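What follows is the content of coords_24.txt, which has compact mmCIF, C-alpha atoms and all ligand atoms:
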```
# COMPACT_ATOMS: atom_id res chain seq x y z
CA MET Q 3 0.00 0.00 0.00
CA SER Q 4 1.39 3.39 -0.82
CA SER Q 5 0.93 6.33 1.52
CA ASP Q 6 0.25 9.94 0.55
CA ARG Q 7 3.91 10.59 1.16
CA ASP Q 8 4.98 7.94 -1.39
CA ARG Q 9 2.72 9.50 -3.99
CA GLN Q 10 3.91 12.99 -3.23
CA ASN Q 11 7.59 12.06 -3.37
CA PRO Q 12 8.65 9.15 -5.58
CA VAL Q 13 12.08 9.17 -3.93
CA ALA Q 14 10.32 7.52 -0.98
CA ALA Q 15 10.30 4.24 -2.94
CA ALA Q 16 13.77 2.99 -1.89
CA PRO Q 17 15.90 2.76 -5.03
CA VAL Q 18 18.02 -0.32 -5.63
CA ASP Q 19 21.04 1.07 -7.42
CA ARG Q 20 24.76 0.43 -7.27
CA TYR Q 21 25.00 2.77 -4.29
CA ALA Q 22 22.31 1.12 -2.12
CA ARG Q 23 24.90 -0.61 0.11
CA ALA Q 24 27.02 2.53 0.43
CA ARG Q 25 23.89 4.42 1.45
CA ASN Q 26 23.08 1.84 4.14
CA ARG Q 27 26.64 2.08 5.44
CA MET Q 28 26.36 5.88 5.56
CA VAL Q 29 23.22 5.55 7.69
CA GLU Q 30 24.94 3.04 10.01
CA THR Q 31 27.65 5.67 10.55
CA LEU Q 32 24.99 8.27 11.40
CA ILE Q 33 23.49 5.89 13.98
CA ASP Q 34 26.98 5.25 15.44
CA ARG Q 35 27.43 9.01 15.73
CA GLY Q 36 24.20 9.35 17.73
CA ILE Q 37 21.44 10.18 15.24
CA ARG Q 38 18.26 8.53 16.58
CA ASP Q 39 15.52 10.08 14.46
CA GLU Q 40 14.15 7.07 12.52
CA LYS Q 41 12.26 9.18 10.01
CA VAL Q 42 15.38 11.13 9.09
CA LEU Q 43 17.49 7.94 8.88
CA ASP Q 44 14.89 6.30 6.69
CA VAL Q 45 14.81 9.22 4.26
CA MET Q 46 18.61 9.32 4.06
CA ARG Q 47 18.58 5.59 3.26
CA ARG Q 48 16.42 6.39 0.23
CA ILE Q 49 17.63 9.66 -1.27
CA PRO Q 50 20.35 9.12 -3.89
CA ARG Q 51 23.03 11.46 -2.51
CA HIS Q 52 25.34 10.59 -5.43
CA GLU Q 53 22.95 12.51 -7.70
CA PHE Q 54 23.77 15.71 -5.76
CA VAL Q 55 27.56 15.76 -6.22
CA PRO Q 56 29.56 16.56 -9.36
CA GLU Q 57 30.45 13.56 -11.54
CA PRO Q 58 34.06 13.01 -10.35
CA PHE Q 59 32.85 12.63 -6.75
CA THR Q 60 29.96 10.18 -7.17
CA ASP Q 61 31.98 7.34 -5.65
CA LYS Q 62 32.72 9.51 -2.61
CA ALA Q 63 29.13 10.67 -2.13
CA TYR Q 64 28.38 8.37 0.83
CA GLY Q 65 31.40 9.14 3.01
CA ASP Q 66 30.62 11.17 6.15
CA HIS Q 67 32.27 14.35 4.90
CA ALA Q 68 31.51 17.50 2.91
CA LEU Q 69 32.44 17.56 -0.80
CA ALA Q 70 33.10 20.39 -3.27
CA ILE Q 71 30.11 21.24 -5.49
CA GLY Q 72 31.70 24.15 -7.43
CA SER Q 73 31.65 27.95 -6.88
CA GLU Q 74 33.82 27.33 -3.76
CA GLN Q 75 30.86 25.75 -1.95
CA THR Q 76 30.28 22.29 -0.45
CA ILE Q 77 27.52 19.73 -0.01
CA SER Q 78 27.14 19.43 3.78
CA GLN Q 79 28.42 16.38 5.63
CA PRO Q 80 25.67 13.71 6.00
CA TYR Q 81 25.93 13.88 9.82
CA MET Q 82 25.19 17.63 9.79
CA VAL Q 83 22.25 17.17 7.41
CA ALA Q 84 20.86 14.45 9.70
CA LEU Q 85 21.42 16.47 12.88
CA MET Q 86 19.94 19.71 11.52
CA THR Q 87 16.94 17.91 10.03
CA SER Q 88 16.27 16.08 13.33
CA LEU Q 89 16.47 19.36 15.25
CA CYS Q 90 13.81 20.82 12.92
CA GLU Q 91 11.31 18.13 14.07
CA LEU Q 92 9.52 18.07 10.71
CA THR Q 93 6.05 16.61 10.19
CA PRO Q 94 4.06 16.09 6.96
CA GLU Q 95 2.40 19.45 7.70
CA SER Q 96 5.62 21.46 8.09
CA ARG Q 97 6.39 24.42 5.87
CA VAL Q 98 10.13 24.86 5.76
CA LEU Q 99 12.48 27.66 4.73
CA GLU Q 100 16.02 26.60 3.81
CA ILE Q 101 18.86 29.10 3.43
CA GLY Q 102 21.88 27.91 1.43
CA SER Q 103 20.39 25.12 -0.69
CA GLY Q 104 23.74 24.46 -2.43
CA SER Q 105 23.47 21.04 -4.08
CA GLY Q 106 19.82 20.61 -3.08
CA TYR Q 107 20.49 17.48 -1.00
CA GLN Q 108 19.29 18.96 2.30
CA THR Q 109 16.30 20.37 0.38
CA ALA Q 110 15.42 16.86 -0.83
CA VAL Q 111 15.79 15.34 2.66
CA ALA Q 112 13.54 18.00 4.20
CA ALA Q 113 11.01 17.75 1.33
CA ALA Q 114 10.57 14.02 1.99
CA LEU Q 115 9.49 14.82 5.57
CA ALA Q 116 7.62 18.10 5.20
CA ARG Q 117 4.75 19.61 3.27
CA TYR Q 118 6.81 22.13 1.34
CA VAL Q 119 10.39 23.45 1.31
CA TYR Q 120 11.21 26.98 0.14
CA GLY Q 121 14.93 26.98 -0.64
CA ILE Q 122 17.17 30.02 -1.15
CA GLU Q 123 20.67 29.91 -2.68
CA ARG Q 124 22.70 33.07 -3.37
CA ILE Q 125 24.77 31.58 -6.23
CA ALA Q 126 22.64 31.38 -9.38
CA ASP Q 127 24.48 28.43 -11.01
CA LEU Q 128 24.08 26.31 -7.86
CA ALA Q 129 20.40 27.25 -7.50
CA ARG Q 130 19.73 26.23 -11.11
CA GLU Q 131 21.62 22.93 -10.84
CA ALA Q 132 19.92 22.07 -7.54
CA MET Q 133 16.50 22.78 -9.04
CA ASN Q 134 17.34 20.51 -12.01
CA ARG Q 135 18.24 17.69 -9.61
CA LEU Q 136 14.94 18.05 -7.76
CA ARG Q 137 13.08 17.92 -11.07
CA LYS Q 138 15.00 14.85 -12.21
CA LEU Q 139 14.07 13.08 -8.95
CA LYS Q 140 10.46 14.24 -9.36
CA ILE Q 141 10.48 16.12 -6.07
CA THR Q 142 7.60 18.55 -6.57
CA ASN Q 143 7.12 19.93 -3.05
CA ALA Q 144 10.23 22.14 -3.04
CA THR Q 145 11.49 25.13 -4.95
CA ILE Q 146 14.83 26.97 -4.92
CA LYS Q 147 15.21 30.66 -5.73
CA CYS Q 148 18.33 32.80 -6.00
CA PHE Q 149 18.66 35.72 -3.56
CA ASP Q 150 20.11 36.70 -0.16
CA GLY Q 151 18.44 34.31 2.27
CA THR Q 152 19.49 36.22 5.41
CA ILE Q 153 16.47 38.47 4.86
CA GLY Q 154 14.21 35.39 4.77
CA TRP Q 155 11.28 34.93 2.40
CA SER Q 156 8.41 36.89 3.96
CA GLU Q 157 5.93 35.99 1.22
CA HIS Q 158 5.55 32.41 2.54
CA ALA Q 159 6.05 33.11 6.28
CA PRO Q 160 5.36 32.02 8.98
CA TYR Q 161 7.47 28.84 8.84
CA ASP Q 162 7.38 25.76 11.07
CA ALA Q 163 11.13 25.30 10.57
CA ILE Q 164 14.04 27.25 9.12
CA ILE Q 165 17.36 25.55 8.31
CA VAL Q 166 20.44 27.66 7.63
CA ALA Q 167 23.25 25.65 5.99
CA ALA Q 168 25.93 28.36 6.17
CA GLY Q 169 27.58 29.98 9.19
CA GLY Q 170 27.04 33.65 10.05
CA PRO Q 171 28.20 36.04 12.80
CA VAL Q 172 24.73 36.35 14.40
CA VAL Q 173 21.27 34.76 14.27
CA PRO Q 174 19.67 36.69 11.37
CA GLU Q 175 16.82 38.66 12.97
CA PRO Q 176 14.42 38.49 9.97
CA LEU Q 177 14.50 34.69 10.20
CA VAL Q 178 13.41 34.71 13.85
CA LYS Q 179 10.54 37.04 12.88
CA GLN Q 180 9.43 34.66 10.11
CA LEU Q 181 9.06 31.68 12.51
CA GLY Q 182 5.54 30.77 13.60
CA VAL Q 183 4.89 30.21 17.31
CA GLY Q 184 6.48 26.84 18.12
CA GLY Q 185 8.67 27.12 15.00
CA ARG Q 186 12.35 26.05 15.05
CA LEU Q 187 15.31 27.86 13.47
CA VAL Q 188 18.54 25.84 13.19
CA VAL Q 189 21.58 27.96 12.37
CA PRO Q 190 25.38 27.82 12.77
CA VAL Q 191 26.64 31.01 14.46
CA GLY Q 192 30.24 32.06 15.05
CA THR Q 193 33.33 33.18 13.17
CA GLU Q 194 34.33 32.48 9.56
CA LYS Q 195 36.39 29.49 10.77
CA SER Q 196 34.13 27.76 13.29
CA GLN Q 197 30.60 28.03 14.61
CA THR Q 198 28.17 26.65 17.18
CA LEU Q 199 24.97 25.00 16.03
CA ILE Q 200 22.09 26.93 17.60
CA ARG Q 201 18.38 26.13 17.70
CA VAL Q 202 16.04 29.05 18.30
CA THR Q 203 12.45 28.08 19.14
CA ARG Q 204 9.80 30.77 19.01
CA THR Q 205 7.38 30.67 21.95
CA GLU Q 206 4.27 32.69 22.86
CA ARG Q 207 6.45 34.96 24.97
CA GLY Q 208 9.69 35.20 23.02
CA THR Q 209 12.38 32.73 22.05
CA VAL Q 210 14.35 29.85 23.61
CA GLU Q 211 17.91 29.22 22.45
CA GLU Q 212 19.72 25.85 22.69
CA ASP Q 213 23.33 25.02 21.84
CA PHE Q 214 24.20 21.81 19.94
CA GLY Q 215 27.97 22.05 19.81
CA GLY Q 216 30.74 23.05 17.44
CA CYS Q 217 30.52 22.83 13.65
CA ILE Q 218 32.19 24.19 10.53
CA PHE Q 219 30.15 25.56 7.64
CA VAL Q 220 30.91 27.77 4.66
CA LYS Q 221 30.20 31.46 5.14
CA LEU Q 222 26.71 32.90 5.26
CA ILE Q 223 27.12 36.00 3.10
CA GLY Q 224 24.49 38.73 3.04
CA ARG Q 225 22.78 41.60 4.81
CA TYR Q 226 22.54 39.71 8.14
CA GLY Q 227 25.61 37.54 7.51
CA PHE Q 228 29.24 38.22 6.64
CA GLU Q 229 29.91 41.05 4.19
CA LYS Q 230 31.82 38.89 1.71
N1 LIG I 1 22.76 22.22 2.26
C1 LIG I 1 23.69 22.49 1.21
C2 LIG I 1 24.83 23.29 1.77
C3 LIG I 1 25.58 24.04 0.76
S1 LIG I 1 26.89 25.03 1.45
C4 LIG I 1 24.18 21.19 0.62
O1 LIG I 1 24.29 20.24 1.38
O2 LIG I 1 24.47 21.12 -0.57
C5 LIG I 1 26.02 26.47 1.91
C6 LIG I 1 25.42 27.28 0.78
O3 LIG I 1 24.96 28.49 1.35
C7 LIG I 1 26.38 27.67 -0.33
O4 LIG I 1 25.93 27.12 -1.53
C8 LIG I 1 26.32 29.21 -0.33
O5 LIG I 1 26.38 29.77 -1.63
C9 LIG I 1 25.00 29.47 0.32
N2 LIG I 1 24.82 30.79 0.93
C10 LIG I 1 25.71 31.51 1.66
N3 LIG I 1 25.15 32.67 2.06
C11 LIG I 1 23.86 32.68 1.58
C12 LIG I 1 22.78 33.59 1.66
N4 LIG I 1 22.86 34.77 2.29
N5 LIG I 1 21.61 33.27 1.04
C13 LIG I 1 21.48 32.08 0.37
N6 LIG I 1 22.49 31.18 0.26
C14 LIG I 1 23.65 31.47 0.87
```

Can the structure in the file be given as structure tokens, please?
Amino acid sequence: MSSDRDRQNPVAAAPVDRYARARNRMVETLIDRGIRDEKVLDVMRRIPRHEFVPEPFTDKAYGDHALAIGSEQTISQPYMVALMTSLCELTPESRVLEIGSGSGYQTAVAAALARYVYGIERIADLAREAMNRLRKLKITNATIKCFDGTIGWSEHAPYDAIIVAAGGPVVPEPLVKQLGVGGRLVVPVGTEKSQTLIRVTRTERGTVEEDFGGCIFVKLIGRYGFEK
């Protein structure tokens, strides 16, 4: 029997391809590293990560590390994708804003768990390539546009979750404003060299901030990020 989710996102039918074993091993590594969210693990077992990296790297796609995707940017390490997605606590009703879509892999993972993902990527070539990958995989509940994501995307606010996949000096204020009550914003904050993963939850009265440890992301560049 197929669920609504399977119909909405064909990626949910686990592909048997030459990378299926590598994908299972990647997920075993995530479990060893402490990821417990079964829904996230299940989705990462299904989404063909090798489709999100440039050709020369396809054989490296399932290692637990970041990889170059061009324009001096990287596809995030699988562990970080898993951790950030778990912290977002997505449900089939969630409307998600993603800043720094890059390859589109995190977009695809979130789209498999949420109602809709609005992705923003500041580099036009990456945004276009990521959108092509989503189309090829028939992921129809996500879109990626090219602009400065630090200002958010007010048109579709409020969001249930906001994921920022690049590290900035502060929590961008417009993003906090675009969270609905109960909404979660997951964002790396720190210097250009290292950051702390922060989750900001919006409550009736204000916000609650939690710290999930050190991390290293590429720079968040924009009005509420680094200058360049
Ligand atoms: N989740 C992506 C991560 C890509 S790296 C993946 O796994 O492929 C982070 C991305 O953030 C880069 O592509 C970079 O261009 C983008 N970025 C940096 N600052 C941004 C901003 N202000 N708005 C939108 N994208 C931004």

Next item on the list: Kindly work out which residues sit at most 8 Å from ligand LIG 1 (chain I), using only C-alpha atoms and all ligand atoms, and give the list as a ChimeraX atom specification.
Entry: /Q:54,68,71,73,75-79,83,101-109,122-125,128,148-153,166-169,219-227

Next item on the list: Rank nothing, just name the residue among Q:Ala163, Q:Ala70, Q:Val55, Q:Cys217 nearest to Val202 in chain Q, using all atoms listed in the file.
Entry: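 The answer is Q:Ala163, which sits nearest to Val202 in chain Q.
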
Check: Interatomic distance between CA of Val210 in chain Q and CA of Pro176 in chain Q?
Finding: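 CA of Pro176 in chain Q lies at a distance of 16.1 Å from CA of Val210 in chain Q.
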
Check: Which one is closest to Ala132 in chain Q: Q:Val172, Q:Val183, Q:Thr87, Q:Glu53? Count all atoms listed in the file.
Finding: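 Distance minimum relative to Ala132 in chain Q lands on Q:Glu53.
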
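Comparing the minimum interatomic distances between Pro171 in chain Q and each of Q:Arg186, Q:Arg27, Q:Arg137, Q:Lys195, counting all atoms listed in the file, we find that Q:Lys195 sits nearest.
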
Check: Which is closer to Ile33 in chain Q than all the others in Q:Ile146, Q:Met46, Q:Leu136, Q:Leu92, using only C-alpha atoms?
Finding: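 Under the stated criterion, the closest residue is Q:Met46.
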
Check: Is there a way to get, as a ChimeraX atom specification, all residues within 12 Å of the point (24.5, 1.3, 0.2) in file coordinates, counting all atoms listed in the file?
Finding: /Q:16-31,46-52,61-65

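With CA of Met86 in chain Q on one side and CA of Arg207 in chain Q on the other, the separation reads 24.4 Å.
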
Notebook entry, point to check: Between CA of Tyr81 in chain Q and CA of Asp66 in chain Q, what is the spacing in Å?
Noted result: 6.5 Å

Checklist line | Among listed residues Q:Ile164, Q:Ala113, Q:Ala84, Q:Leu89, nearest Ile141 in chain Q (using all atoms listed in the file) | finding: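 Closest residue, counting all atoms listed in the file: Q:Ala113.
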
Item checked: Nearby residues, (7.8, 12.2, 5.3) file frame, 8 Å, all atoms listed in the file, as a ChimeraX atom specification -> /Q:7,41,45,93-94,113-116

Resulting file, chosen residues, C-alpha atoms, as a PDB file, in the frame of the given file:
```pdb
ATOM      1  CA  ARG Q   7       3.910  10.590   1.160  1.00  0.00           C
ATOM      2  CA  LYS Q  41      12.260   9.180  10.010  1.00  0.00           C
ATOM      3  CA  VAL Q  45      14.810   9.220   4.260  1.00  0.00           C
ATOM      4  CA  THR Q  93       6.050  16.610  10.190  1.00  0.00           C
ATOM      5  CA  PRO Q  94       4.060  16.090   6.960  1.00  0.00           C
ATOM      6  CA  ALA Q 113      11.010  17.750   1.330  1.00  0.00           C
ATOM      7  CA  ALA Q 114      10.570  14.020   1.990  1.00  0.00           C
ATOM      8  CA  LEU Q 115       9.490  14.820   5.570  1.00  0.00           C
ATOM      9  CA  ALA Q 116       7.620  18.100   5.200  1.00  0.00           C
TER      10      ALA Q 116
END
```

Next item on the list: Using only C-alpha atoms, pick whichever of Q:Gly36, Q:Gly208, Q:Gly72, Q:Gly215 has the shortest atom-to-atom distance to Val189 in chain Q.
Entry: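 Among Q:Gly36, Q:Gly208, Q:Gly72, Q:Gly215, it is Q:Gly215 that comes nearest to Val189 in chain Q.
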
Next item on the list: Within 9 Å of Leu99 in chain Q, counting only C-alpha atoms, which residues show up once you throw out same-chain ones fewer than 2 positions away? Write them as a PyMOL selection string, please.
Entry: chain Q and resi 97+101+118-122+154-155+158-159+161-166

Next item on the list: Might you pull out every residue within 10 Å of Ser156 in chain Q, with all atoms listed in the file counted and same-chain residues fewer than 6 positions away left off, and present them as a PyMOL selection string?
Entry: chain Q and resi 176-177+179-180
